[in-house]
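First comes the structure, then the notes that go with it.
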Number of protein chains: 2
Amino acid sequence: MKKVSISDIARKAGVSVSTVSFVMNDKAVKMRISREVIEKVENVAREMGYRPNQLARGLRTGKTKTIGLIVENISNAFFAAMAKTIEDEAKKYDYKVVYCSTDNDETKARELISMLSQRQVDGYIITPTLNLAEEIRRLQAENKPVVLIDRYFPEHEEIPSVLVDNYAGVAEGMEFLFAKGYQNIGLVTIEADMAHMHDRLQAYYDTLRKHDMPQDRRLVKQVPYGYVHEAALEEVEDFLTGDGKDCDALFFLTNYLGVLGIEAAKKLNIRIPTDKAFLCFDDNDIFRLYTPTISVIRQPICEIGQQAMAALIERLRHTGTETLPENAPIKLAAELVPRESI
Amino acid sequence: MKKVSISDIARKAGVSVSTVSFVMNDKAVKMRISREVIEKVENVAREMGYRPNQLARGLRTGKTKTIGLIVENISNAFFAAMAKTIEDEAKKYDYKVVYCSTDNDETKARELISMLSQRQVDGYIITPTLNLAEEIRRLQAENKPVVLIDRYFPEHEEIPSVLVDNYAGVAEGMEFLFAKGYQNIGLVTIEADMAHMHDRLQAYYDTLRKHDMPQDRRLVKQVPYGYVHEAALEEVEDFLTGDGKDCDALFFLTNYLGVLGIEAAKKLNIRIPTDKAFLCFDDNDIFRLYTPTISVIRQPICEIGQQAMAALIERLRHTGTETLPENAPIKLAAELVPRESI
DNA sequence: GAAGAGGGCTAAAACGATTTAGTTATCTTT
DNA sequence: AAAGATAACTAAATCGTTTTAGCCCTCTTC
């Protein structure tokens, strides 16, 4: 059984293809199609179970009503939640979203952009990797709007972005630790190759300086990217028993690092918060449930998704208008969620 | 800057559109295009940054090299992991996957199928909801292969499916609990409206009968579908303090229910396994990390994804051949992972 | 030197929609 | 009754590919 096309309907209803098209697109009245013909066409279309072919439509109109969402890893709780929000948000504007994961790999990111571009998506929401700015400029040059989320390129304000205020979030966390009397705060992070991680790291150092505390590089552990779980865990364990042994508090700069942290602490029998207080950037189911519950700096995931979508839609509407009012990164406030780990 | 099309290249290279097409599709040799022309076209295409328009290609060939993946909820760890496997697997066969969530809503599932069908995906991998068989038959009638995962329709063997052996998995879990000496085993489940949940429930009752234990309906708690987190949590708490108070072990039939279980136990100060042993169907990061670690029946997620993909690819290849060799549900063995909670 | 074979390319139809510019018939208007 | 307006449609181009059929040229071969 083949799919029914607009011309099948035209034939059966005894009208032209154009007429059917007008009826199916609610342009019948504007095109002065008569009541009877409209009804006839609608009935035939319903009976035959007509569904417009979006490829053909997209080819002709140049609009696919689809946006491409590129995240780091869709199976990570943060991005999964983000994807869900964006999908729901997109539906409100009658857009469909197709998502893909970069695994933080530059090459893969490029391939994904290329793939989405070939599939003619109307716009993009992207969690960029390093060195992706040029590729993104190319999309913009093709008049395809792009909005970055979670990360941004400080030197490229022509690419709009929506993210949490990383600096303020970490600063608030540090102030909280100081207020609770912790003096020797260790940091666990990943390579600060992109601006958002750099901002977080900078806030750590700046807050230490503000409180006239020494800035000891050895208290900052960088877990290299791309390690498998076991290797990364070992890195954290080494830190907890080595350079970070005397810390009274640990600040984990990502969700995943926090999970590694509690796993390591568990293995090493480090009591939280008695031996070390724990604070993590970005929330996670585990942190809410673990004993003790883990304090976090929570990102406003929904709001980021909503604002990103809103920004994208606005640009989709005014496509052609090259200069847009506001392009500086939109930075949303993080929320400190104190729990038992501090 | 507009996108460059095949005819732009043809013009610039001074050849016909067909020639360019042959070169771009590696049919140049078969079509006896000369070495020089091939190189010329390839160079021009590279210089101009040509990317084929997949809409046009799909429209012409009837193949989009895209498969639709419909799961219950992409932000659930189980489905997120499944999606990742399937995406990776699809790439091996040079397919792209677009995924969407039903939220277990029949209507939404229908809409998603319709949307994917309009976008002309070549095949489907679906976690079905109730009453979806007819809709799926329609896809098959249009010659679009479908493979179900995680759930199935026992009365529709013409729709192939790949899933864990739910019955055997739960039976193994029950035997393990008995072997450890637990006598009074409560069950927490959701509505058994679909066969896979029915199979799990049946295994519970059958194993009890096999051991000549009473089958007490009150020890089976059904958490209704669609409750918000707080309401569902309350349901579990009520059970733990009410009908299930005297159980020495609890078997949670899904991942999410298990999480609710530990959350409730924590709130009610129920010690695991001292007060009650915990066993959960389907693994989760939390279960590995929680104190105590939670024993689970682990589903072979990767294998399910791989086999589903393999089955789909086979059907994509032999499209037109209506009768396929093996169509009975493919049931893969679950694995008991004993941890501290028992 | 005519027929046939092959080499090297191109024209044009087709896929399924949208959209512009008509066309035809009927109705006003003067 | 001729001119213009309007109502109710339709023809055909177009989007960017793929693919079939065929064209033209040169070389064999007898």
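Just so we're on the same page: first chain in the structure tokens is A, next is B, and so on; residues restart at 1 for each chain, and ligands are numbered from 1 in the order they show up.
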
Kindly provide, as a CSV table (one decimal) with N, CA, C and O atoms, in the first residue's frame, the residues of chain A having any atom no farther than 8 Å from an atom of chain B, counting only C-alpha atoms.
chain,number,residue,atom,x,y,z
A,1,MET,N,0.8,-1.2,0.0
A,1,MET,CA,0.0,0.0,0.0
A,1,MET,C,0.9,1.2,0.0
A,1,MET,O,1.7,1.5,0.9
A,2,LYS,N,0.7,2.0,-1.0
A,2,LYS,CA,1.6,3.2,-1.1
A,2,LYS,C,0.9,4.4,-0.4
A,2,LYS,O,-0.2,4.4,-0.1
A,3,LYS,N,1.8,5.3,-0.1
A,3,LYS,CA,1.3,6.5,0.6
A,3,LYS,C,0.4,7.3,-0.4
A,3,LYS,O,0.7,7.3,-1.6
A,51,ARG,N,-1.5,12.4,4.5
A,51,ARG,CA,-0.5,13.1,5.3
A,51,ARG,C,0.5,13.7,4.4
A,51,ARG,O,1.2,13.1,3.6
A,52,PRO,N,0.6,15.0,4.5
A,52,PRO,CA,1.6,15.7,3.6
A,52,PRO,C,3.0,15.2,3.8
A,52,PRO,O,3.4,14.9,4.9
A,53,ASN,N,3.7,15.1,2.7
A,53,ASN,CA,5.1,14.7,2.7
A,53,ASN,C,6.0,15.9,3.1
A,53,ASN,O,6.1,16.9,2.3
A,54,GLN,N,6.6,15.8,4.2
A,54,GLN,CA,7.3,17.0,4.7
A,54,GLN,C,8.6,17.2,4.0
A,54,GLN,O,9.2,18.3,4.0
A,55,LEU,N,9.1,16.2,3.3
A,55,LEU,CA,10.3,16.4,2.5
A,55,LEU,C,10.0,17.3,1.4
A,55,LEU,O,10.7,18.3,1.1
A,56,ALA,N,8.9,17.0,0.7
A,56,ALA,CA,8.5,17.8,-0.5
A,56,ALA,C,8.2,19.2,-0.1
A,56,ALA,O,8.6,20.2,-0.7
A,58,GLY,N,9.2,20.7,2.6
A,58,GLY,CA,10.5,21.4,3.0
A,58,GLY,C,11.3,21.9,1.8
A,58,GLY,O,11.9,22.9,1.7
A,59,LEU,N,11.3,21.0,0.8
A,59,LEU,CA,12.1,21.3,-0.4
A,59,LEU,C,11.6,22.5,-1.1
A,59,LEU,O,12.3,23.4,-1.5
A,74,ILE,N,23.5,13.1,25.5
A,74,ILE,CA,22.0,13.0,25.8
A,74,ILE,C,21.8,12.1,27.0
A,74,ILE,O,20.7,12.2,27.6
A,75,SER,N,22.7,11.2,27.3
A,75,SER,CA,22.4,10.3,28.4
A,75,SER,C,22.9,10.8,29.8
A,75,SER,O,22.7,10.2,30.8
A,77,ALA,N,22.2,13.3,32.8
A,77,ALA,CA,20.9,13.8,33.3
A,77,ALA,C,20.7,15.3,33.0
A,77,ALA,O,19.6,15.7,32.6
A,80,ALA,N,19.8,15.6,29.3
A,80,ALA,CA,18.5,14.9,29.0
A,80,ALA,C,17.4,15.8,29.5
A,80,ALA,O,16.4,16.0,28.8
A,81,ALA,N,17.5,16.4,30.7
A,81,ALA,CA,16.5,17.3,31.2
A,81,ALA,C,16.3,18.5,30.3
A,81,ALA,O,15.2,19.0,29.9
A,84,LYS,N,14.5,17.6,27.1
A,84,LYS,CA,13.1,17.5,27.3
A,84,LYS,C,12.4,18.9,27.3
A,84,LYS,O,11.4,19.1,26.7
A,98,VAL,N,15.3,17.6,16.6
A,98,VAL,CA,16.1,16.4,16.5
A,98,VAL,C,17.4,16.6,17.2
A,98,VAL,O,18.1,17.6,17.1
A,99,TYR,N,17.8,15.7,18.2
A,99,TYR,CA,18.9,15.9,18.9
A,99,TYR,C,20.1,14.9,18.7
A,99,TYR,O,19.8,13.8,18.3
A,114,SER,N,27.1,19.4,10.1
A,114,SER,CA,26.9,19.1,8.7
A,114,SER,C,25.7,18.3,8.4
A,114,SER,O,25.0,18.6,7.5
A,118,GLN,N,22.5,19.4,6.2
A,118,GLN,CA,22.1,18.7,5.0
A,118,GLN,C,20.6,18.3,5.1
A,118,GLN,O,19.9,18.2,4.1
A,119,ARG,N,20.2,18.2,6.3
A,119,ARG,CA,18.7,17.8,6.5
A,119,ARG,C,17.9,19.1,6.6
A,119,ARG,O,16.7,19.1,6.9
A,120,GLN,N,18.5,20.2,6.4
A,120,GLN,CA,17.8,21.5,6.3
A,120,GLN,C,17.1,21.9,7.5
A,120,GLN,O,16.0,22.5,7.4
A,141,ALA,N,25.9,32.6,8.4
A,141,ALA,CA,26.1,33.2,7.1
A,141,ALA,C,25.0,32.6,6.1
A,141,ALA,O,24.6,33.3,5.2
A,142,GLU,N,24.6,31.4,6.3
A,142,GLU,CA,23.6,30.8,5.5
A,142,GLU,C,22.2,31.2,6.0
A,142,GLU,O,21.2,30.6,5.6
A,143,ASN,N,22.2,32.1,7.0
A,143,ASN,CA,20.9,32.6,7.5
A,143,ASN,C,20.2,31.6,8.3
A,143,ASN,O,19.0,31.6,8.4
A,262,ILE,N,31.5,11.2,45.4
A,262,ILE,CA,30.9,10.4,46.5
A,262,ILE,C,31.3,8.9,46.3
A,262,ILE,O,31.5,8.2,47.3
A,263,GLU,N,31.5,8.5,45.1
A,263,GLU,CA,32.0,7.1,44.9
A,263,GLU,C,33.3,6.9,45.6
A,263,GLU,O,33.6,6.0,46.3
A,285,ASP,N,19.8,13.5,40.7
A,285,ASP,CA,18.9,12.7,41.6
A,285,ASP,C,19.7,12.1,42.8
A,285,ASP,O,19.3,12.1,43.9
A,286,ILE,N,20.9,11.7,42.4
A,286,ILE,CA,21.7,11.0,43.5
A,286,ILE,C,22.0,11.9,44.6
A,286,ILE,O,21.9,11.5,45.8
A,289,LEU,N,19.3,12.0,47.1
A,289,LEU,CA,18.9,10.8,47.8
A,289,LEU,C,20.1,10.2,48.7
A,289,LEU,O,19.9,9.5,49.6
A,290,TYR,N,21.3,10.6,48.3
A,290,TYR,CA,22.4,10.0,49.0
A,290,TYR,C,22.4,10.3,50.5
A,290,TYR,O,21.7,11.3,50.9
A,291,THR,N,23.0,9.5,51.3
A,291,THR,CA,23.2,9.8,52.7
A,291,THR,C,24.7,10.1,52.9
A,291,THR,O,25.5,9.2,52.7

>> Just want the 9 Å neighbourhood of region 197-209 of chain A, counted on only C-alpha atoms (C1' of nucleotides), with same-chain residues fewer than 6 positions away dropped. Output as a PyMOL selection string.
In response: chain A and resi 151+165-171+174-175+187+189-191+215+253

Selected residues, N, CA and C atoms, written as a tab-separated table (two decimals), in the first residue's frame, please.
chain	number	residue	atom	x	y	z
A	151	ARG	N	27.40	26.80	27.24
A	151	ARG	CA	28.76	27.29	26.99
A	151	ARG	C	28.69	28.45	26.00
A	165	ASP	N	24.87	31.72	35.24
A	165	ASP	CA	25.98	32.61	35.61
A	165	ASP	C	26.98	31.79	36.41
A	166	ASN	N	27.91	31.21	35.70
A	166	ASN	CA	28.86	30.29	36.33
A	166	ASN	C	29.70	30.97	37.41
A	167	TYR	N	30.16	32.15	37.08
A	167	TYR	CA	31.02	32.87	38.02
A	167	TYR	C	30.27	33.14	39.33
A	168	ALA	N	29.10	33.74	39.20
A	168	ALA	CA	28.33	34.08	40.40
A	168	ALA	C	27.95	32.83	41.18
A	169	GLY	N	27.64	31.75	40.46
A	169	GLY	CA	27.25	30.51	41.12
A	169	GLY	C	28.36	29.96	41.99
A	170	VAL	N	29.54	29.88	41.43
A	170	VAL	CA	30.67	29.35	42.21
A	170	VAL	C	31.04	30.30	43.34
A	171	ALA	N	30.99	31.59	43.05
A	171	ALA	CA	31.30	32.57	44.10
A	171	ALA	C	30.35	32.41	45.27
A	174	MET	N	31.29	29.37	47.25
A	174	MET	CA	32.49	29.60	48.06
A	174	MET	C	32.16	30.42	49.30
A	175	GLU	N	31.37	31.46	49.10
A	175	GLU	CA	30.99	32.30	50.24
A	175	GLU	C	30.26	31.47	51.29
A	187	LEU	N	39.32	21.95	45.14
A	187	LEU	CA	38.46	22.05	43.97
A	187	LEU	C	38.71	20.86	43.05
A	189	THR	N	37.89	19.73	39.22
A	189	THR	CA	37.34	20.25	37.96
A	189	THR	C	37.84	19.43	36.79
A	190	ILE	N	37.40	19.81	35.61
A	190	ILE	CA	37.95	19.22	34.40
A	190	ILE	C	38.77	20.29	33.69
A	191	GLU	N	39.37	19.95	32.62
A	191	GLU	CA	40.16	20.94	31.90
A	191	GLU	C	39.32	22.18	31.60
A	215	GLN	N	46.24	30.86	47.53
A	215	GLN	CA	45.73	30.15	46.35
A	215	GLN	C	46.71	29.03	46.00
A	253	LEU	N	33.16	20.78	40.42
A	253	LEU	CA	32.65	21.76	39.46
A	253	LEU	C	31.68	21.22	38.42

>> Can you work out which residues from chain A touch chain D at a cut-off of 8 Å (counting only C-alpha atoms (C1' of nucleotides)) and hand them back as a list in words?
In response: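 In the required form, that comes to Ser16, Ser18, Thr19, Arg32, Ile33, Ser34, Leu59, Arg60, Thr61 and Gly62 of chain A.
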
> Which is closest to chain A among C:DA14, C:DT19, C:DG8, C:DA3, if we use only C-alpha atoms (C1' of nucleotides)?
Replying inline: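 That would be C:DT19, the residue with the smallest distance to chain A.
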
> From the list C:DT18, C:DT10, C:DT28, C:DT23, which residue is nearest chain A when using only C-alpha atoms (C1' of nucleotides)?
Replying inline: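 For chain A, the nearest of the candidates is C:DT18.
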
Compile a residue-level contact table for chain C against chain B at a cut-off of 12 Å, reporting for every qualifying residue the shortest atom pair and its distance in Å to one decimal, with only C-alpha atoms (C1' of nucleotides) counted, rows ordered by chain and ascending number, as CSV.
residue,atom,partner,partner_atom,distance
C:DG6,C1',B:Arg32,CA,10.3
C:DG7,C1',B:Arg32,CA,6.9
C:DG8,C1',B:Ile33,CA,5.9
C:DC9,C1',B:Ile33,CA,7.2
C:DT10,C1',B:Ser16,CA,6.2
C:DA11,C1',B:Ser18,CA,9.2
C:DA12,C1',B:Ser18,CA,10.5
C:DA13,C1',B:Arg60,CA,11.4
C:DA14,C1',B:Arg60,CA,7.4
C:DC15,C1',B:Arg60,CA,4.4
C:DG16,C1',B:Leu59,CA,7.5
C:DA17,C1',B:Leu59,CA,10.1

Put those residues in a file: C-alpha atoms (C1' of nucleotides), as a compact mmCIF listing (two decimals), in the first residue's frame.
# COMPACT_ATOMS: atom_id res chain seq x y z
C1' DG C 6 31.98 1.49 -27.02
C1' DG C 7 33.30 5.79 -24.64
C1' DG C 8 31.79 10.04 -22.58
C1' DC C 9 28.62 12.69 -21.68
C1' DT C 10 23.57 15.16 -21.36
C1' DA C 11 18.32 15.92 -21.50
C1' DA C 12 14.52 15.37 -19.23
C1' DA C 13 11.30 13.08 -16.24
C1' DA C 14 10.24 12.17 -11.70
C1' DC C 15 9.63 12.63 -6.53
C1' DG C 16 5.39 15.68 -3.83
C1' DA C 17 4.54 19.61 -2.48

>> With DSSP run on the backbone, what are the strand (DSSP E or B) residues within region 70-180 of chain A? I'd like them as a ChimeraX atom specification.
In response: /A:70-71,96-101,123-126,146-149,161-164

>> DSSP on the backbone: which residues in region 47-296 of chain A end up as helix (DSSP H, G or I)? Give the answer as a PyMOL selection string.
In response: chain A and resi 47-48+54-61+77-92+106-118+133-141+166-179+195-210+217-219+229-241+255-268+285-289

Spatial neighbours of Leu316 (chain A), max dist 8 Å, only C-alpha atoms (C1' of nucleotides), sep filter under 2 positions, as a short mmCIF file (atom, residue, chain, number, x, y, z; two decimals) with C-alpha atoms, in the first residue's frame:
data_model
loop_
_atom_site.label_atom_id
_atom_site.label_comp_id
_atom_site.auth_asym_id
_atom_site.auth_seq_id
_atom_site.Cartn_x
_atom_site.Cartn_y
_atom_site.Cartn_z
CA ASP A 122 15.68 25.77 10.28
CA GLY A 123 17.80 26.63 13.31
CA LYS A 144 20.34 29.78 9.88
CA PRO A 145 19.95 31.13 13.40
CA LEU A 312 15.91 31.14 18.60
CA ILE A 313 12.29 31.64 17.64
CA GLU A 314 12.75 35.38 17.59
CA HIS A 318 13.27 37.99 11.80
CA THR A 319 15.46 36.01 9.51
#

> Can you list, as a list of chain:residue names, every protein, DNA or RNA residue that comes within 8 Å of region 270-276 of chain B when you count only C-alpha atoms (C1' of nucleotides), leaving out same-chain residues fewer than 6 positions away?
Replying inline: B:Cys247, B:Asp248, B:Ala249, B:Leu250, B:Pro292, B:Glu340, B:Ser341, B:Ile342

Preceding selection exported with N, CA, C and O atoms as a short mmCIF file (atom, residue, chain, number, x, y, z; two decimals), in the first residue's frame:
data_model
loop_
_atom_site.label_atom_id
_atom_site.label_comp_id
_atom_site.auth_asym_id
_atom_site.auth_seq_id
_atom_site.Cartn_x
_atom_site.Cartn_y
_atom_site.Cartn_z
N CYS B 247 6.57 -6.90 55.68
CA CYS B 247 7.42 -7.58 54.71
C CYS B 247 8.87 -7.58 55.17
O CYS B 247 9.34 -6.62 55.77
N ASP B 248 9.57 -8.67 54.87
CA ASP B 248 11.00 -8.67 55.17
C ASP B 248 11.82 -8.38 53.91
O ASP B 248 13.03 -8.20 53.97
N ALA B 249 11.12 -8.34 52.79
CA ALA B 249 11.81 -7.98 51.55
C ALA B 249 10.83 -7.30 50.60
O ALA B 249 9.64 -7.58 50.63
N LEU B 250 11.39 -6.38 49.79
CA LEU B 250 10.55 -5.69 48.81
C LEU B 250 11.19 -5.81 47.43
O LEU B 250 12.39 -5.63 47.27
N PRO B 292 22.92 1.34 51.74
CA PRO B 292 23.69 0.27 51.11
C PRO B 292 23.46 0.25 49.60
O PRO B 292 22.46 0.78 49.14
N GLU B 340 24.50 -4.99 48.46
CA GLU B 340 24.37 -5.04 49.92
C GLU B 340 22.93 -5.05 50.43
O GLU B 340 22.68 -5.35 51.59
N SER B 341 21.98 -4.72 49.61
CA SER B 341 20.62 -4.51 50.11
C SER B 341 19.85 -5.80 50.38
O SER B 341 18.67 -5.77 50.70
N ILE B 342 20.53 -6.93 50.22
CA ILE B 342 19.86 -8.22 50.47
C ILE B 342 20.70 -9.06 51.41
O ILE B 342 21.89 -9.22 51.17
#

> If you measure from CA of Ile70 (chain A) to CA of Val147 (chain A), what distance in Å do you get, rounded to one decimal?
Replying inline: 10.6 Å

>> Rounded to one decimal, what separation in Å do you get between CA of Arg218 (chain A) and CA of Tyr152 (chain A)?
In response: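 About the pair CA of Arg218 (chain A) and CA of Tyr152 (chain A): they are 28.0 Å apart.
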
> For the atom pair CA of Ala334 (chain B) and CA of Val164 (chain B), what is the interatomic distance in Å to one decimal place?
Replying inline: 6.1 Å

> Can you tell me, as a count of residues only, what residues are no more than 8 Å from Gly49 (chain A) when counting only C-alpha atoms (C1' of nucleotides), ignoring any on the same chain fewer than 3 positions away?
Replying inline: 3
